[in-house]
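J.: Shown below is the structure under consideration.
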Amino acid sequence: MSRQNIYDNEAFFQRFQDNRRNPVNFNDCIETPILLSMLPDLRGKSVLDIGCGMGQHARQYADMGAESVLGIDISRKMLAYAQAHNSAANITYLPMAMEDIDAIDRRFDLVTSSLAFDYVEDFAGLMRKVHGRMREDAKFVFSMSHPIATAWDGAYDRYTRTETGERLYANLRNYCVEGLRKVDWVVDGYECYHRTVATLINALVGAGFVIEACREATISDEMRKRHPEMFGGTVHRPEFIFFRCGKWETRA
Ligand SMILES: C[S@@+](CC[C@H](N)C(=O)[O-])C[C@H]1O[C@@H](n2cnc3c(N)ncnc32)[C@H](O)[C@@H]1O
């Protein structure tokens, strides 16, 4: 099984860090507000954050009253940043691949993940492992790249444009072909996995989850107008997809 650790590549890490430092980015303007709006009340809860990266979310969960937060990530560079900039007494950062979470000998009230599941080859297997780390009435809230966003391989512009460069509509390529996508983005051969929406839903249901909510990334018209280069394309295609799930056997 491939376990790419691209965030320990110096050029990639620097680019990601620069991107997060700019307050106008997809994470802070789109991903985080939607993900936070889907969370349950965190006061007194134990949280597992899979692919926690630089720890911004872990810190938010601690600030929202979580009793404890365990952030795991495969990248030591990301974890070093998290430890230096987003630590708190009730946050623990652990170097661990998400494929290994079944080795964690405890269960959580909330399992969450932001934009990390694009990198896992066996999505259905991971969903079963997540289910096994959850207490009976726990929630599972996560975001990942939308399958419409990963239906692209860099061979064409993502958009068909007018002569003046305006995005007319988004292009899809090989949406129905699932599997590894390699594109030249920051580094040659950046890898992520493309799956269809049906595959995501069936993996969740097959692992024993009830899907309570699903959202697709969006942003206000005002933000689109203010930052047309950054967000202009979001009117044509959602960059991210979000799910909130409970366990099937404890459904209300
Ligand atoms: C796009 S970043 C998101 C980081 C953070 N969740 C955020 O929202 O800012 C993806 C993260 O997933 C981590 N990652 C990639 N593959 C992983 C794996 N197999 N196991 C654990 N973490 C992984 C990367 O190191 C990186 O920190």
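Every chain in the structure tokens has a letter given in the order shown (A, B, ...), and although residue numbers restart at 1 in each chain, ligands are simply numbered from 1 in the order shown.
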Counting only C-alpha atoms, what is within 12 Å of stretch 99-110 of chain A, bar same-chain residues fewer than 5 positions away, as a ChimeraX atom specification?

T.: /A:1-4,38-51,58,61,66-74,94,116-117,119-142,244-247

J.: Could you write those residues out with C-alpha atoms, as a PDB file, in the first residue's frame?

T.:
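Contents of selection-v2.pdb, as written:
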ATOM      1  CA  MET A   1       0.000   0.000   0.000  1.00  0.00           C
ATOM      2  CA  SER A   2       1.321   3.443  -0.978  1.00  0.00           C
ATOM      3  CA  ARG A   3       1.884   5.828   1.929  1.00  0.00           C
ATOM      4  CA  GLN A   4       3.087   8.978   0.278  1.00  0.00           C
ATOM      5  CA  MET A  38     -20.989  20.405  11.216  1.00  0.00           C
ATOM      6  CA  LEU A  39     -19.359  19.519  14.541  1.00  0.00           C
ATOM      7  CA  PRO A  40     -21.294  18.480  17.648  1.00  0.00           C
ATOM      8  CA  ASP A  41     -20.792  20.292  20.954  1.00  0.00           C
ATOM      9  CA  LEU A  42     -17.175  19.498  21.869  1.00  0.00           C
ATOM     10  CA  ARG A  43     -17.276  20.412  25.551  1.00  0.00           C
ATOM     11  CA  GLY A  44     -15.825  17.560  27.587  1.00  0.00           C
ATOM     12  CA  LYS A  45     -15.321  15.359  24.514  1.00  0.00           C
ATOM     13  CA  SER A  46     -12.322  13.330  23.372  1.00  0.00           C
ATOM     14  CA  VAL A  47     -11.289  14.038  19.776  1.00  0.00           C
ATOM     15  CA  LEU A  48      -9.127  12.184  17.261  1.00  0.00           C
ATOM     16  CA  ASP A  49      -7.946  14.402  14.370  1.00  0.00           C
ATOM     17  CA  ILE A  50      -6.610  12.265  11.505  1.00  0.00           C
ATOM     18  CA  GLY A  51      -3.997  13.972   9.320  1.00  0.00           C
ATOM     19  CA  ALA A  58      -6.645  20.541  16.899  1.00  0.00           C
ATOM     20  CA  TYR A  61     -11.138  21.849  19.071  1.00  0.00           C
ATOM     21  CA  ALA A  66     -12.714  19.433  24.032  1.00  0.00           C
ATOM     22  CA  GLU A  67     -11.392  17.516  26.997  1.00  0.00           C
ATOM     23  CA  SER A  68      -8.557  15.994  24.934  1.00  0.00           C
ATOM     24  CA  VAL A  69      -7.374  16.074  21.332  1.00  0.00           C
ATOM     25  CA  LEU A  70      -5.120  13.482  19.733  1.00  0.00           C
ATOM     26  CA  GLY A  71      -3.710  14.662  16.397  1.00  0.00           C
ATOM     27  CA  ILE A  72      -1.994  12.082  14.237  1.00  0.00           C
ATOM     28  CA  ASP A  73      -0.052  12.702  11.036  1.00  0.00           C
ATOM     29  CA  ILE A  74       2.507  10.919   8.897  1.00  0.00           C
ATOM     30  CA  LEU A  94       1.598  11.614  17.400  1.00  0.00           C
ATOM     31  CA  ALA A 116      -6.297  14.120   4.507  1.00  0.00           C
ATOM     32  CA  PHE A 117      -8.329  11.205   3.103  1.00  0.00           C
ATOM     33  CA  TYR A 119      -4.052  10.269   0.290  1.00  0.00           C
ATOM     34  CA  VAL A 120      -5.370   6.894   1.410  1.00  0.00           C
ATOM     35  CA  GLU A 121      -5.491   4.056  -1.072  1.00  0.00           C
ATOM     36  CA  ASP A 122      -7.980   1.839   0.777  1.00  0.00           C
ATOM     37  CA  PHE A 123     -10.758   4.287   1.680  1.00  0.00           C
ATOM     38  CA  ALA A 124     -13.293   1.580   2.617  1.00  0.00           C
ATOM     39  CA  GLY A 125     -10.752  -0.112   4.902  1.00  0.00           C
ATOM     40  CA  LEU A 126      -9.968   3.211   6.584  1.00  0.00           C
ATOM     41  CA  MET A 127     -13.673   3.856   7.199  1.00  0.00           C
ATOM     42  CA  ARG A 128     -13.916   0.504   9.047  1.00  0.00           C
ATOM     43  CA  LYS A 129     -10.900   1.436  11.170  1.00  0.00           C
ATOM     44  CA  VAL A 130     -12.432   4.839  12.007  1.00  0.00           C
ATOM     45  CA  HIS A 131     -15.662   3.111  13.040  1.00  0.00           C
ATOM     46  CA  GLY A 132     -13.641   0.910  15.397  1.00  0.00           C
ATOM     47  CA  ARG A 133     -12.099   3.949  17.132  1.00  0.00           C
ATOM     48  CA  MET A 134     -15.479   5.517  17.957  1.00  0.00           C
ATOM     49  CA  ARG A 135     -17.525   5.223  21.126  1.00  0.00           C
ATOM     50  CA  GLU A 136     -21.107   4.113  20.635  1.00  0.00           C
ATOM     51  CA  ASP A 137     -22.647   7.601  20.437  1.00  0.00           C
ATOM     52  CA  ALA A 138     -19.643   9.239  18.774  1.00  0.00           C
ATOM     53  CA  LYS A 139     -19.681  11.362  15.618  1.00  0.00           C
ATOM     54  CA  PHE A 140     -17.416  11.276  12.599  1.00  0.00           C
ATOM     55  CA  VAL A 141     -17.019  14.589  10.726  1.00  0.00           C
ATOM     56  CA  PHE A 142     -14.616  14.977   7.838  1.00  0.00           C
ATOM     57  CA  ARG A 244     -21.133  14.015   9.332  1.00  0.00           C
ATOM     58  CA  CYS A 245     -21.857  10.430  10.388  1.00  0.00           C
ATOM     59  CA  GLY A 246     -23.004   8.503  13.426  1.00  0.00           C
ATOM     60  CA  LYS A 247     -22.888   4.785  14.077  1.00  0.00           C
TER      61      LYS A 247
END

J.: Counting only C-alpha atoms, what is within 9 Å of stretch 235-238 of chain A, bar same-chain residues fewer than 6 positions away, as a VMD selection string?

T.: chain A and resid 145 to 149 159 167 to 170 216 to 219 221 224

J.: Please provide as a count of residues only all residues within 9 Å of A:Asn171, with the sequence filter that same-chain residues fewer than 3 positions apart are discarded (counting only C-alpha atoms).

T.: 7

J.: Atom CA of A:Glu10 and atom CA of A:Phe231 are how many Å apart?

T.: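 A separation of 26.9 Å between them.
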
J.: Taking the backbone alone, and naming residues the way the document does, which bits of stretch 131-170 of chain A are strand (DSSP E or B) by DSSP, as an MDAnalysis selection string?

T.: chainID A and resid 134:145 159:161 167:170

J.: Just write the chosen residues, N, CA and C atoms, as an mmCIF file, in the first residue's frame.

T.:
data_model
loop_
_atom_site.group_PDB
_atom_site.id
_atom_site.type_symbol
_atom_site.label_atom_id
_atom_site.label_comp_id
_atom_site.auth_asym_id
_atom_site.auth_seq_id
_atom_site.Cartn_x
_atom_site.Cartn_y
_atom_site.Cartn_z
ATOM 1 N N MET A 134 -14.426 4.621 17.452
ATOM 2 C CA MET A 134 -15.479 5.517 17.957
ATOM 3 C C MET A 134 -16.286 4.874 19.066
ATOM 4 N N ARG A 135 -16.594 5.675 20.090
ATOM 5 C CA ARG A 135 -17.525 5.223 21.126
ATOM 6 C C ARG A 135 -18.909 5.071 20.504
ATOM 7 N N GLU A 136 -19.807 4.444 21.222
ATOM 8 C CA GLU A 136 -21.107 4.113 20.635
ATOM 9 C C GLU A 136 -21.867 5.331 20.109
ATOM 10 N N ASP A 137 -21.873 6.439 20.896
ATOM 11 C CA ASP A 137 -22.647 7.601 20.437
ATOM 12 C C ASP A 137 -21.747 8.687 19.832
ATOM 13 N N ALA A 138 -20.608 8.280 19.337
ATOM 14 C CA ALA A 138 -19.643 9.239 18.774
ATOM 15 C C ALA A 138 -20.082 9.731 17.395
ATOM 16 N N LYS A 139 -19.459 10.829 16.961
ATOM 17 C CA LYS A 139 -19.681 11.362 15.618
ATOM 18 C C LYS A 139 -18.378 11.322 14.827
ATOM 19 N N PHE A 140 -18.543 11.282 13.525
ATOM 20 C CA PHE A 140 -17.416 11.276 12.599
ATOM 21 C C PHE A 140 -17.677 12.395 11.587
ATOM 22 N N VAL A 141 -16.824 13.429 11.601
ATOM 23 C CA VAL A 141 -17.019 14.589 10.726
ATOM 24 C C VAL A 141 -15.733 14.802 9.931
ATOM 25 N N PHE A 142 -15.851 14.823 8.614
ATOM 26 C CA PHE A 142 -14.616 14.977 7.838
ATOM 27 C C PHE A 142 -14.858 15.713 6.519
ATOM 28 N N SER A 143 -13.755 16.225 5.997
ATOM 29 C CA SER A 143 -13.761 16.826 4.657
ATOM 30 C C SER A 143 -12.693 16.136 3.823
ATOM 31 N N MET A 144 -12.893 16.163 2.525
ATOM 32 C CA MET A 144 -11.858 15.689 1.607
ATOM 33 C C MET A 144 -12.099 16.378 0.259
ATOM 34 N N SER A 145 -11.173 16.208 -0.662
ATOM 35 C CA SER A 145 -11.403 16.801 -1.977
ATOM 36 C C SER A 145 -12.656 16.190 -2.578
ATOM 37 N N TYR A 159 -10.607 24.548 -16.530
ATOM 38 C CA TYR A 159 -11.773 25.291 -16.990
ATOM 39 C C TYR A 159 -11.701 25.512 -18.491
ATOM 40 N N THR A 160 -12.866 25.518 -19.121
ATOM 41 C CA THR A 160 -12.963 26.049 -20.472
ATOM 42 C C THR A 160 -13.196 27.541 -20.297
ATOM 43 N N ARG A 161 -12.411 28.333 -20.987
ATOM 44 C CA ARG A 161 -12.442 29.785 -20.747
ATOM 45 C C ARG A 161 -12.863 30.564 -21.992
ATOM 46 N N ARG A 167 -13.604 32.058 -16.683
ATOM 47 C CA ARG A 167 -13.983 30.642 -16.582
ATOM 48 C C ARG A 167 -15.438 30.466 -17.023
ATOM 49 N N LEU A 168 -15.612 29.683 -18.092
ATOM 50 C CA LEU A 168 -16.952 29.492 -18.650
ATOM 51 C C LEU A 168 -17.626 28.283 -17.997
ATOM 52 N N TYR A 169 -16.897 27.171 -17.922
ATOM 53 C CA TYR A 169 -17.349 26.009 -17.169
ATOM 54 C C TYR A 169 -16.175 25.128 -16.793
ATOM 55 N N ALA A 170 -16.414 24.226 -15.804
ATOM 56 C CA ALA A 170 -15.345 23.345 -15.310
ATOM 57 C C ALA A 170 -15.258 22.093 -16.170
#

J.: One number please: atom 22 (N, counted along the ligand's line) of ligand 1 to atom CA of A:Gly53, in Å, one decimal.

T.: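 Distance between the two atoms: 7.5 Å.
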
J.: Given only C-alpha atoms as the basis, pick out the residue of A:Pro95, A:Pro23, A:Gly208, A:Gly232 nearest to A:Glu166.

T.: A:Gly232

J.: With only C-alpha atoms as the counted atoms, please give the residues lying no more than 10 Å from A:Phe13, apart from itself and same-chain residues fewer than 4 positions off, as a PyMOL selection string.

T.: chain A and resi 6-9+17-19+75+77-78+186

J.: Quick check, in Å to one decimal: how far apart do atom CA of A:Ile91 and atom CA of A:Val210 lie?

T.: 28.4 Å

J.: Show me, as a PyMOL selection string, the residues that have an atom within 9 Å of A:Phe26 when counting only C-alpha atoms, minus same-chain residues fewer than 5 positions from it.

T.: chain A and resi 19-20+31-32+230-231+239
